[in-house]
>>> print(open('target-v3.txt').read())   # compact mmCIF, C-alpha atoms (C1' of nucleotides)
# COMPACT_ATOMS: atom_id res chain seq x y z
CA MET A 1 -32.75 39.18 -13.10
CA ILE A 2 -30.44 36.76 -11.41
CA GLU A 3 -31.31 34.06 -13.84
CA ALA A 4 -29.11 32.99 -16.71
CA MET A 5 -25.71 33.35 -15.13
CA THR A 6 -22.66 32.14 -16.95
CA ILE A 7 -20.46 29.52 -15.38
CA GLY A 8 -18.15 32.25 -14.15
CA ASP A 9 -20.96 34.02 -12.39
CA ALA A 10 -22.15 30.78 -10.86
CA ALA A 11 -18.62 30.07 -9.73
CA GLU A 12 -18.36 33.41 -8.03
CA ALA A 13 -21.78 33.07 -6.48
CA SER A 14 -21.21 29.57 -5.19
CA GLY A 15 -17.55 29.52 -4.34
CA VAL A 16 -16.95 26.56 -6.62
CA SER A 17 -14.49 27.13 -9.43
CA ALA A 18 -15.73 26.96 -13.01
CA LYS A 19 -13.37 24.08 -13.54
CA MET A 20 -14.93 22.13 -10.73
CA ILE A 21 -18.45 22.96 -11.86
CA ARG A 22 -17.71 21.37 -15.20
CA TYR A 23 -16.09 18.46 -13.45
CA TYR A 24 -19.08 17.88 -11.19
CA GLU A 25 -21.27 17.92 -14.24
CA SER A 26 -19.03 15.46 -16.03
CA ILE A 27 -19.20 12.93 -13.22
CA GLY A 28 -22.93 13.36 -12.90
CA LEU A 29 -22.88 15.04 -9.51
CA MET A 30 -24.72 17.96 -11.07
CA PRO A 31 -27.31 17.53 -13.78
CA ALA A 32 -26.06 18.80 -17.12
CA ALA A 33 -26.52 22.53 -17.26
CA GLU A 34 -28.69 24.11 -19.89
CA ARG A 35 -26.94 25.78 -22.76
CA THR A 36 -27.40 28.90 -24.79
CA ALA A 37 -27.65 28.57 -28.53
CA SER A 38 -23.93 29.06 -28.74
CA GLY A 39 -23.08 26.42 -26.20
CA TYR A 40 -22.53 28.43 -23.05
CA ARG A 41 -23.75 26.78 -19.88
CA THR A 42 -26.37 28.76 -17.97
CA TYR A 43 -27.16 28.62 -14.29
CA GLY A 44 -30.02 29.83 -12.20
CA ASP A 45 -30.57 30.12 -8.49
CA THR A 46 -31.42 26.46 -8.16
CA GLU A 47 -28.14 25.36 -9.62
CA VAL A 48 -26.17 27.83 -7.57
CA ASN A 49 -27.84 26.52 -4.46
CA THR A 50 -26.84 23.03 -5.35
CA LEU A 51 -23.30 24.17 -5.94
CA ARG A 52 -23.21 25.86 -2.60
CA PHE A 53 -24.48 22.67 -1.01
CA ILE A 54 -21.70 20.74 -2.64
CA ARG A 55 -19.10 23.23 -1.63
CA ARG A 56 -20.23 23.25 1.93
CA ALA A 57 -20.18 19.46 2.04
CA ARG A 58 -16.67 19.45 0.61
CA ASP A 59 -15.69 21.91 3.28
CA LEU A 60 -16.84 19.37 5.82
CA GLY A 61 -14.59 16.83 4.19
CA PHE A 62 -17.26 14.75 2.49
CA PRO A 63 -15.85 12.92 -0.49
CA VAL A 64 -17.72 13.41 -3.70
CA GLU A 65 -19.35 10.01 -3.61
CA ARG A 66 -20.86 10.70 -0.24
CA ILE A 67 -22.02 14.08 -1.43
CA ARG A 68 -23.86 12.30 -4.17
CA LEU A 69 -25.84 10.45 -1.52
CA LEU A 70 -26.44 13.62 0.43
CA LEU A 71 -27.79 15.32 -2.65
CA ASP A 72 -30.12 12.42 -3.29
CA LEU A 73 -31.46 12.70 0.22
CA TRP A 74 -31.70 16.44 -0.07
CA ARG A 75 -33.89 16.15 -3.12
CA ASP A 76 -35.93 13.29 -1.69
CA ARG A 77 -38.71 14.84 0.30
CA ALA A 78 -39.61 11.42 1.69
CA ARG A 79 -36.19 10.90 3.27
CA SER A 80 -35.80 10.19 6.93
CA SER A 81 -33.44 12.36 8.88
CA ALA A 82 -31.96 9.16 10.27
CA GLU A 83 -30.44 8.42 6.87
CA VAL A 84 -28.87 11.81 6.71
CA ARG A 85 -27.53 11.57 10.19
CA SER A 86 -26.08 8.18 9.46
CA LEU A 87 -24.11 9.57 6.53
CA ALA A 88 -22.90 12.43 8.67
CA GLU A 89 -21.87 10.05 11.41
CA GLN A 90 -19.89 7.99 8.96
CA GLN A 91 -18.13 11.13 7.91
CA VAL A 92 -17.37 12.05 11.49
CA ALA A 93 -15.91 8.60 11.97
CA THR A 94 -13.79 8.91 8.84
CA LEU A 95 -12.47 12.22 10.06
CA ALA A 96 -11.80 10.85 13.52
CA THR A 97 -9.81 7.97 12.08
CA ARG A 98 -7.71 10.22 9.94
CA ILE A 99 -7.16 12.59 12.82
CA ALA A 100 -6.05 9.77 15.06
CA GLU A 101 -3.52 8.64 12.49
CA LEU A 102 -2.07 12.08 12.08
CA GLU A 103 -2.10 12.65 15.79
CA ALA A 104 -0.12 9.48 16.33
CA MET A 105 2.44 10.66 13.82
CA ARG A 106 2.64 14.06 15.37
CA LYS A 107 3.06 12.66 18.82
CA ALA A 108 5.80 10.26 17.80
CA LEU A 109 7.63 12.95 15.92
CA LEU A 110 7.28 15.48 18.67
CA HIS A 111 8.79 12.96 21.00
CA LEU A 112 11.81 12.67 18.75
CA VAL A 113 12.07 16.41 18.35
CA HIS A 114 12.19 16.86 22.09
CA ALA A 115 14.94 14.28 22.35
CA CYS A 116 17.12 16.13 19.85
CA HIS A 117 19.27 18.88 21.29
CA GLY A 118 19.36 20.60 17.92
CA ASP A 119 22.75 22.20 18.08
CA GLY A 120 25.80 22.08 15.85
CA ARG A 121 26.70 18.50 16.60
CA PRO A 122 25.71 15.75 14.22
CA ASP A 123 24.31 13.27 16.75
CA CYS A 124 20.58 13.19 16.37
CA PRO A 125 18.05 10.83 17.90
CA ILE A 126 15.67 11.61 15.09
CA LEU A 127 17.94 10.17 12.45
CA GLU A 128 18.85 7.33 14.72
CA ASP A 129 15.25 6.45 15.17
CA LEU A 130 14.51 6.60 11.48
CA ALA A 131 17.53 4.45 10.78
CA THR A 132 16.96 1.80 13.39
CA ALA A 133 13.34 1.75 14.49
CA PRO A 134 11.65 -1.56 13.82
CA ALA A 135 8.18 -1.95 12.39
CA PRO A 136 6.09 0.82 13.95
CA SER A 137 3.35 -1.31 15.48
CA ALA A 138 5.07 -3.64 17.91
CA GLY A 139 2.55 -6.10 19.27
CA PRO A 140 0.14 -8.24 17.24
CA GLU A 141 -1.86 -6.99 14.28
CA SER A 142 -3.23 -3.94 15.98
CA HIS A 143 -4.11 -0.42 15.04
CA LEU A 144 -2.45 -0.21 11.67
CA PRO A 145 -3.75 3.00 10.11
CA ALA A 146 -6.87 2.13 8.20
CA SER A 147 -5.85 4.33 5.34
CA ARG A 148 -2.93 3.82 3.03
CA ARG A 149 -0.64 0.87 3.44
CA HIS A 150 -3.13 -1.81 2.45
CA GLY A 151 -0.71 -4.01 0.58
CA PRO A 152 0.25 -7.04 2.62
CA PRO A 153 3.83 -6.32 3.71
CA SER A 154 4.59 -9.99 3.61
CA ALA A 155 3.24 -13.15 2.10
CA PRO A 156 4.17 -15.88 4.54
CA GLY A 157 6.42 -18.76 3.60
CA ARG A 158 6.80 -18.39 -0.09
CA ARG A 159 10.44 -18.96 -0.61
CA GLY A 160 12.97 -19.17 2.20
CA ALA A 161 14.85 -16.08 3.23
CA ALA A 162 18.30 -17.48 2.68
CA GLY A 163 20.27 -15.52 0.12
CA ARG A 164 21.43 -18.12 -2.31
CA ARG A 165 20.74 -16.28 -5.50
CA PHE A 166 23.22 -15.03 -8.06
CA ALA A 167 26.19 -17.24 -7.26
CA GLY A 168 28.17 -15.59 -10.01
CA ARG A 169 26.68 -16.78 -13.24
CA PRO A 170 27.05 -14.18 -15.98
CA ALA A 171 24.79 -15.88 -18.47
CA VAL A 172 22.68 -14.28 -21.15
CA PRO A 173 24.07 -10.82 -21.97
CA ARG A 174 20.55 -9.39 -22.05
CA ALA A 175 19.36 -8.71 -25.57
CA MET B 1 24.85 -14.40 3.27
CA ILE B 2 22.26 -11.72 3.27
CA GLU B 3 23.76 -9.96 0.32
CA ALA B 4 22.30 -9.95 -3.15
CA MET B 5 18.62 -9.95 -2.37
CA THR B 6 16.09 -9.56 -5.11
CA ILE B 7 13.66 -6.69 -5.02
CA GLY B 8 11.06 -8.97 -3.51
CA ASP B 9 13.36 -9.92 -0.67
CA ALA B 10 14.27 -6.30 -0.09
CA ALA B 11 10.60 -5.44 -0.05
CA GLU B 12 9.87 -8.04 2.56
CA ALA B 13 12.88 -7.05 4.62
CA SER B 14 12.14 -3.35 4.53
CA GLY B 15 8.38 -3.21 4.49
CA VAL B 16 8.40 -1.20 1.28
CA SER B 17 6.59 -2.78 -1.65
CA ALA B 18 8.60 -3.73 -4.71
CA LYS B 19 6.50 -1.30 -6.67
CA MET B 20 7.46 1.54 -4.41
CA ILE B 21 11.10 0.55 -4.39
CA ARG B 22 11.16 0.92 -8.16
CA TYR B 23 9.29 4.16 -7.86
CA TYR B 24 11.73 5.58 -5.33
CA GLU B 25 14.53 4.64 -7.64
CA SER B 26 12.80 6.27 -10.59
CA ILE B 27 12.42 9.57 -8.81
CA GLY B 28 15.98 9.48 -7.55
CA LEU B 29 15.14 9.00 -3.90
CA MET B 30 17.19 5.81 -3.94
CA PRO B 31 20.33 5.45 -6.02
CA ALA B 32 19.80 3.11 -8.94
CA ALA B 33 20.17 -0.44 -7.73
CA GLU B 34 22.84 -2.66 -9.15
CA ARG B 35 21.74 -5.26 -11.63
CA THR B 36 22.55 -8.83 -12.38
CA ALA B 37 23.63 -9.71 -15.86
CA SER B 38 20.04 -10.45 -16.70
CA GLY B 39 18.71 -7.16 -15.42
CA TYR B 40 17.42 -8.06 -11.99
CA ARG B 41 17.97 -5.43 -9.34
CA THR B 42 20.01 -6.52 -6.35
CA TYR B 43 19.98 -5.15 -2.85
CA GLY B 44 22.28 -5.48 0.11
CA ASP B 45 21.96 -4.51 3.74
CA THR B 46 22.82 -0.91 3.02
CA GLU B 47 19.99 -0.50 0.59
CA VAL B 48 17.55 -2.26 2.86
CA ASN B 49 18.51 0.06 5.67
CA THR B 50 17.85 3.04 3.46
CA LEU B 51 14.49 1.60 2.51
CA ARG B 52 13.61 1.09 6.12
CA PHE B 53 14.57 4.68 6.80
CA ILE B 54 12.29 5.83 4.05
CA ARG B 55 9.45 3.68 5.21
CA ARG B 56 9.76 4.91 8.73
CA ALA B 57 9.79 8.50 7.57
CA ARG B 58 6.70 7.87 5.46
CA ASP B 59 5.05 6.38 8.53
CA LEU B 60 5.68 9.68 10.24
CA GLY B 61 3.95 11.43 7.41
CA PHE B 62 7.01 12.95 5.76
CA PRO B 63 6.36 13.64 2.10
CA VAL B 64 8.90 12.19 -0.25
CA GLU B 65 10.58 15.51 -0.93
CA ARG B 66 11.26 16.03 2.73
CA ILE B 67 12.55 12.50 3.01
CA ARG B 68 15.02 13.37 0.33
CA LEU B 69 16.40 16.08 2.58
CA LEU B 70 16.43 13.76 5.56
CA LEU B 71 18.41 11.21 3.61
CA ASP B 72 20.90 13.85 2.59
CA LEU B 73 21.40 14.80 6.20
CA TRP B 74 21.57 11.18 7.23
CA ARG B 75 24.41 10.58 4.84
CA ASP B 76 26.16 13.83 5.65
CA ARG B 77 28.38 13.17 8.61
CA ALA B 78 29.03 16.90 8.96
CA ARG B 79 25.37 17.72 9.48
CA SER B 80 24.16 19.55 12.51
CA SER B 81 21.35 18.04 14.50
CA ALA B 82 19.70 21.45 14.35
CA GLU B 83 19.02 20.98 10.66
CA VAL B 84 17.42 17.64 11.28
CA ARG B 85 15.34 18.95 14.09
CA SER B 86 14.21 21.84 11.95
CA LEU B 87 12.93 19.47 9.30
CA ALA B 88 11.15 17.44 11.92
CA GLU B 89 9.61 20.54 13.40
CA GLN B 90 8.32 21.58 10.02
CA GLN B 91 6.74 18.19 9.70
CA VAL B 92 5.15 18.47 13.12
CA ALA B 93 3.74 21.83 12.06
CA THR B 94 2.41 20.38 8.82
CA LEU B 95 0.71 17.61 10.73
CA ALA B 96 -0.69 20.02 13.28
CA THR B 97 -2.18 22.17 10.55
CA ARG B 98 -3.80 19.25 8.85
CA ILE B 99 -5.10 17.95 12.15
CA ALA B 100 -6.59 21.31 12.99
CA GLU B 101 -8.40 21.43 9.67
CA LEU B 102 -9.85 17.98 10.11
CA GLU B 103 -10.70 18.68 13.69
CA ALA B 104 -12.61 21.79 12.67
CA MET B 105 -14.57 19.75 10.17
CA ARG B 106 -15.26 17.04 12.67
CA LYS B 107 -16.41 19.50 15.28
CA ALA B 108 -18.73 21.33 12.91
CA LEU B 109 -20.18 18.11 11.65
CA LEU B 110 -20.60 16.65 15.09
CA HIS B 111 -22.48 19.76 16.04
CA LEU B 112 -24.89 19.17 13.19
CA VAL B 113 -25.23 15.49 14.01
CA HIS B 114 -26.22 16.33 17.54
CA ALA B 115 -28.83 18.74 16.31
CA CYS B 116 -30.46 16.10 14.13
CA HIS B 117 -32.99 13.92 15.86
CA GLY B 118 -32.40 11.17 13.32
CA ASP B 119 -35.81 9.60 13.22
CA GLY B 120 -38.25 8.86 10.45
CA ARG B 121 -39.15 12.47 9.75
CA PRO B 122 -37.51 14.31 6.88
CA ASP B 123 -36.62 17.53 8.69
CA CYS B 124 -32.90 17.61 9.18
CA PRO B 125 -30.68 20.42 10.38
CA ILE B 126 -27.75 18.82 8.60
CA LEU B 127 -29.28 19.24 5.18
CA GLU B 128 -30.59 22.64 6.13
CA ASP B 129 -27.13 23.74 7.08
CA LEU B 130 -25.58 22.41 3.91
CA ALA B 131 -28.27 24.10 1.87
CA THR B 132 -28.20 27.47 3.51
CA ALA B 133 -24.92 28.00 5.30
CA PRO B 134 -23.03 30.97 3.96
CA ALA B 135 -19.30 30.98 3.29
CA PRO B 136 -17.78 28.87 6.06
CA SER B 137 -15.49 31.52 7.51
CA ALA B 138 -17.77 34.28 8.65
CA GLY B 139 -15.67 37.22 9.70
CA PRO B 140 -12.75 38.69 7.76
CA GLU B 141 -10.18 36.61 5.92
CA SER B 142 -9.35 34.33 8.76
CA HIS B 143 -8.33 30.72 9.24
CA LEU B 144 -9.09 29.35 5.80
CA PRO B 145 -7.52 25.89 5.73
CA ALA B 146 -3.99 26.26 4.48
CA SER B 147 -4.33 23.20 2.33
CA ARG B 148 -6.59 22.81 -0.65
CA ARG B 149 -8.77 25.65 -1.76
CA HIS B 150 -6.00 27.99 -2.86
CA GLY B 151 -7.75 29.48 -5.84
CA PRO B 152 -9.01 32.97 -5.10
CA PRO B 153 -12.79 32.55 -4.99
CA SER B 154 -13.31 35.99 -6.41
CA ALA B 155 -11.49 38.56 -8.44
CA PRO B 156 -12.81 41.90 -7.25
CA GLY B 157 -14.69 44.26 -9.52
CA ARG B 158 -14.28 42.86 -12.93
CA ARG B 159 -17.67 43.13 -14.44
CA GLY B 160 -20.76 44.21 -12.52
CA ALA B 161 -22.90 41.52 -10.95
CA ALA B 162 -26.13 42.44 -12.69
CA GLY B 163 -27.51 39.60 -14.76
CA ARG B 164 -28.09 41.15 -18.12
CA ARG B 165 -26.81 38.39 -20.29
CA PHE B 166 -28.75 36.30 -22.78
CA ALA B 167 -31.79 38.50 -23.30
CA GLY B 168 -33.28 35.98 -25.69
CA ARG B 169 -31.09 36.04 -28.74
CA PRO B 170 -30.99 32.68 -30.50
CA ALA B 171 -28.19 33.52 -32.89
CA VAL B 172 -25.64 31.23 -34.45
CA PRO B 173 -27.02 27.68 -34.54
CA ARG B 174 -23.69 26.26 -33.40
CA ALA B 175 -22.13 24.39 -36.27
C1' DC C 1 -18.64 47.73 -38.99
C1' DC C 2 -14.60 45.93 -36.76
C1' DT C 3 -11.54 45.32 -33.01
C1' DT C 4 -10.46 44.19 -28.41
C1' DG C 5 -10.51 41.87 -24.23
C1' DA C 6 -12.79 39.06 -21.26
C1' DC C 7 -15.23 35.51 -21.26
C1' DC C 8 -16.72 30.68 -22.75
C1' DT C 9 -15.89 25.82 -24.93
C1' DT C 10 -13.28 21.23 -25.12
C1' DC C 11 -9.19 18.50 -24.55
C1' DC C 12 -4.92 17.13 -22.52
C1' DC C 13 -1.67 17.07 -18.76
C1' DA C 14 0.03 17.25 -13.84
C1' DT C 15 -0.26 16.59 -9.02
C1' DG C 16 1.35 12.46 -4.79
C1' DA C 17 1.93 8.08 -3.50
C1' DT C 18 0.14 4.05 -4.31
C1' DG C 19 -1.74 -0.20 -6.47
C1' DG C 20 -3.38 -3.23 -10.57
C1' DG C 21 -2.36 -5.64 -14.44
C1' DA C 22 -0.39 -7.11 -19.02
C1' DA C 23 3.34 -8.98 -21.81
C1' DG C 24 7.48 -11.04 -21.74
C1' DC C 25 11.94 -12.75 -19.69
C1' DC C 26 14.58 -15.30 -15.93
C1' DT C 27 15.56 -18.86 -12.28
C1' DC C 28 15.16 -22.57 -9.69
C1' DA C 29 13.36 -26.91 -8.10
C1' DT C 30 11.43 -30.82 -9.61
C1' DA D 1 12.89 -29.77 -19.72
C1' DT D 2 9.15 -27.95 -17.71
C1' DG D 3 6.29 -25.11 -14.64
C1' DA D 4 5.66 -21.98 -10.98
C1' DG D 5 6.73 -17.94 -9.47
C1' DG D 6 9.81 -14.59 -9.42
C1' DC D 7 11.53 -10.44 -12.18
C1' DT D 8 11.37 -6.59 -16.00
C1' DT D 9 8.99 -2.47 -18.25
C1' DC D 10 4.97 0.07 -19.54
C1' DC D 11 0.39 1.78 -19.07
C1' DC D 12 -3.65 2.87 -16.36
C1' DA D 13 -6.41 4.29 -12.16
C1' DT D 14 -7.03 6.65 -8.00
C1' DC D 15 -9.04 11.67 -5.83
C1' DA D 16 -10.11 16.45 -6.46
C1' DT D 17 -7.98 20.03 -8.22
C1' DG D 18 -5.55 23.35 -11.23
C1' DG D 19 -2.89 24.85 -15.60
C1' DG D 20 -2.88 25.78 -20.18
C1' DA D 21 -3.69 25.57 -25.26
C1' DA D 22 -6.67 26.28 -29.25
C1' DG D 23 -10.60 28.22 -30.77
C1' DG D 24 -15.46 30.25 -30.46
C1' DT D 25 -18.58 34.21 -28.37
C1' DC D 26 -20.03 38.28 -26.56
C1' DA D 27 -20.40 43.19 -25.22
C1' DA D 28 -18.59 47.52 -25.63
C1' DG D 29 -15.90 51.16 -27.70
C1' DG D 30 -14.02 53.32 -31.64
>>> encode(input="target-v3.txt", output="structure tokens")
Amino acid sequence: MIEAMTIGDAAEASGVSAKMIRYYESIGLMPAAERTASGYRTYGDTEVNTLRFIRRARDLGFPVERIRLLLDLWRDRARSSAEVRSLAEQQVATLATRIAELEAMRKALLHLVHACHGDGRPDCPILEDLATAPAPSAGPESHLPASRRHGPPSAPGRRGAAGRRFAGRPAVPRA
Amino acid sequence: MIEAMTIGDAAEASGVSAKMIRYYESIGLMPAAERTASGYRTYGDTEVNTLRFIRRARDLGFPVERIRLLLDLWRDRARSSAEVRSLAEQQVATLATRIAELEAMRKALLHLVHACHGDGRPDCPILEDLATAPAPSAGPESHLPASRRHGPPSAPGRRGAAGRRFAGRPAVPRA
DNA sequence: CCTTGACCTTCCCATGATGGGAAGCCTCAT
DNA sequence: ATGAGGCTTCCCATCATGGGAAGGTCAAGG
């Protein structure tokens, strides 16, 4: 009956695109699907359920690597719900962090938008801010967004800041 | 003076990594920097100011393509502040959308977390939800997150849903 | 039986913004 | 003159996703 679906059927039934199903298989998130004699992947209810699980977890923002852990727990009948909840809490925290970052951006920008009269004249506090604002976080090493911008913006005292380079010496015409 | 900085100096002064400065140049966000006879890029105050502008805009979440527009307006003395504000408003809207998506995830997940006792027993509403929850948006085509998940999850009536494929026919031993 | 069209397969490429690292050249201070 | 630490370009990786090409398969209709 519902057994032996093709990848397209499984995609439709699970809400995961065929492309992604293959991808999940390739990274080992899904066990390799069985194949027909001619090489077509086949899926049954079990697999579709797993796919739905994955899709739902993705919808909750879980990155694939965390979904891997969730799947392990799902299959492990000896799991403790505490482990599952811990993973979920981590995810909530990740989301909260990201939300806070975006919210800070939105707030700052909204502030600027409100300060801009937005008429035909060229004066605009938004551009002025972008052009002149100093480093965003004023005080000491504080709440720098935990995501992106990891690279140390400065390596202290490496070579003075005085500009004494290139005092007009046109040597070596480059290859 | 402060003229003729190397890319490293400009990076330190602007808060944009040397790697990104080269990247911005490569995609035409920055005009190609001047070079010394030996091929080193050189930067002056003007360029550093532009870099700071870019960095600040990135900090506000502007994608590079929108920054390109902002820079055009910045340089255009005949701009109207309304154009600038419009761009900023779009960005606020983009952020708000993203925030709403993440917030929805966080809320849903938090709900599940609260329902899970999180002790040594294996029963867990979180896993149960992931395993059994239907398509996330219940009612009619509603607030599907505007980002990601664009692909139409189903193309209506193409080929019936009955599973009648692969009725045991081991043909063609696949090369 | 053969064609047709809708599927399936694999493989490669692109996204956006960022970093890592290699191989090789350049500059400056010792 | 040498060595450290810049700089240059080029390639690769990320993360999850889609696009598309080239070619095989399958079911149905003529």
>>> interface_residues(input="target-v3.txt", of="chain D", to="chain B", cutoff="12 Å", atoms="all atoms listed in the file", output="ChimeraX atom specification")
/D:5-9,16-19,24-27
>>> atom_distance(input="target-v3.txt", atom1="CA of Arg85 (chain B)", atom2="CA of Arg22 (chain B)")
28.9 Å
>>> closest_residue(input="target-v3.txt", among="C:DC11, C:DA6, C:DT18, C:DA23", to="chain A", atoms="all atoms listed in the file")
C:DT18
>>> interface_residues(input="target-v3.txt", of="chain C", to="chain A", cutoff="12 Å", atoms="only C-alpha atoms (C1' of nucleotides)", output="list of chain:residue names")
C:DA6, C:DC7, C:DC8, C:DT9, C:DT10, C:DA17, C:DT18, C:DG19, C:DG20, C:DC25, C:DC26, C:DT27, C:DC28, C:DA29
>>> closest_residue(input="target-v3.txt", among="B:Pro31, B:Gly118, B:Pro63, B:Gly44", to="chain A", atoms="only C-alpha atoms")
B:Gly118
>>> residues_near_point(input="target-v3.txt", point="(21.8, 4.0, 4.2)", cutoff="10 Å", atoms="only C-alpha atoms (C1' of nucleotides)", output="ChimeraX atom specification")
/A:131 /B:30,45-54,71,74-75
>>> write_last_selection(input="target-v3.txt", atoms="C-alpha atoms", output="compact mmCIF listing (two decimals), in the coordinates of the input")
# COMPACT_ATOMS: atom_id res chain seq x y z
CA ALA A 131 17.53 4.45 10.78
CA MET B 30 17.19 5.81 -3.94
CA ASP B 45 21.96 -4.51 3.74
CA THR B 46 22.82 -0.91 3.02
CA GLU B 47 19.99 -0.50 0.59
CA VAL B 48 17.55 -2.26 2.86
CA ASN B 49 18.51 0.06 5.67
CA THR B 50 17.85 3.04 3.46
CA LEU B 51 14.49 1.60 2.51
CA ARG B 52 13.61 1.09 6.12
CA PHE B 53 14.57 4.68 6.80
CA ILE B 54 12.29 5.83 4.05
CA LEU B 71 18.41 11.21 3.61
CA TRP B 74 21.57 11.18 7.23
CA ARG B 75 24.41 10.58 4.84
>>> residues_near_point(input="target-v3.txt", point="(-19.4, 23.1, 12.2)", cutoff="12 Å", atoms="only C-alpha atoms (C1' of nucleotides)", output="VMD selection string")
(chain A and resid 56 to 57 59 to 61 88 92) or (chain B and resid 101 to 115 125 to 126 129 to 130 133 to 138)
>>> residues_around(input="target-v3.txt", residues="DC12 (chain D)", least_positions_apart="2", cutoff="10 Å", atoms="all atoms listed in the file", output="PyMOL selection string")
(chain C and resi 20-21) or (chain D and resi 10+14)
>>> closest_residue(input="target-v3.txt", among="B:Met5, B:Ile27, B:Leu69, B:Ile21", to="chain A", atoms="only C-alpha atoms")
B:Met5
>>> atom_distance(input="target-v3.txt", atom1="CA of Leu73 (chain A)", atom2="CA of Thr132 (chain B)")
15.5 Å
>>> axis_aligned_box(input="target-v3.txt", around="region 36-40 of chain A", padding_each_side="8 Å", output="JSON")
{"center_x": -25.1, "center_y": 27.7, "center_z": -25.9, "size_x": 21.1, "size_y": 18.6, "size_z": 21.7}
>>> atom_distance(input="target-v3.txt", atom1="CA of Glu89 (chain B)", atom2="CA of Asp119 (chain A)")
14.0 Å
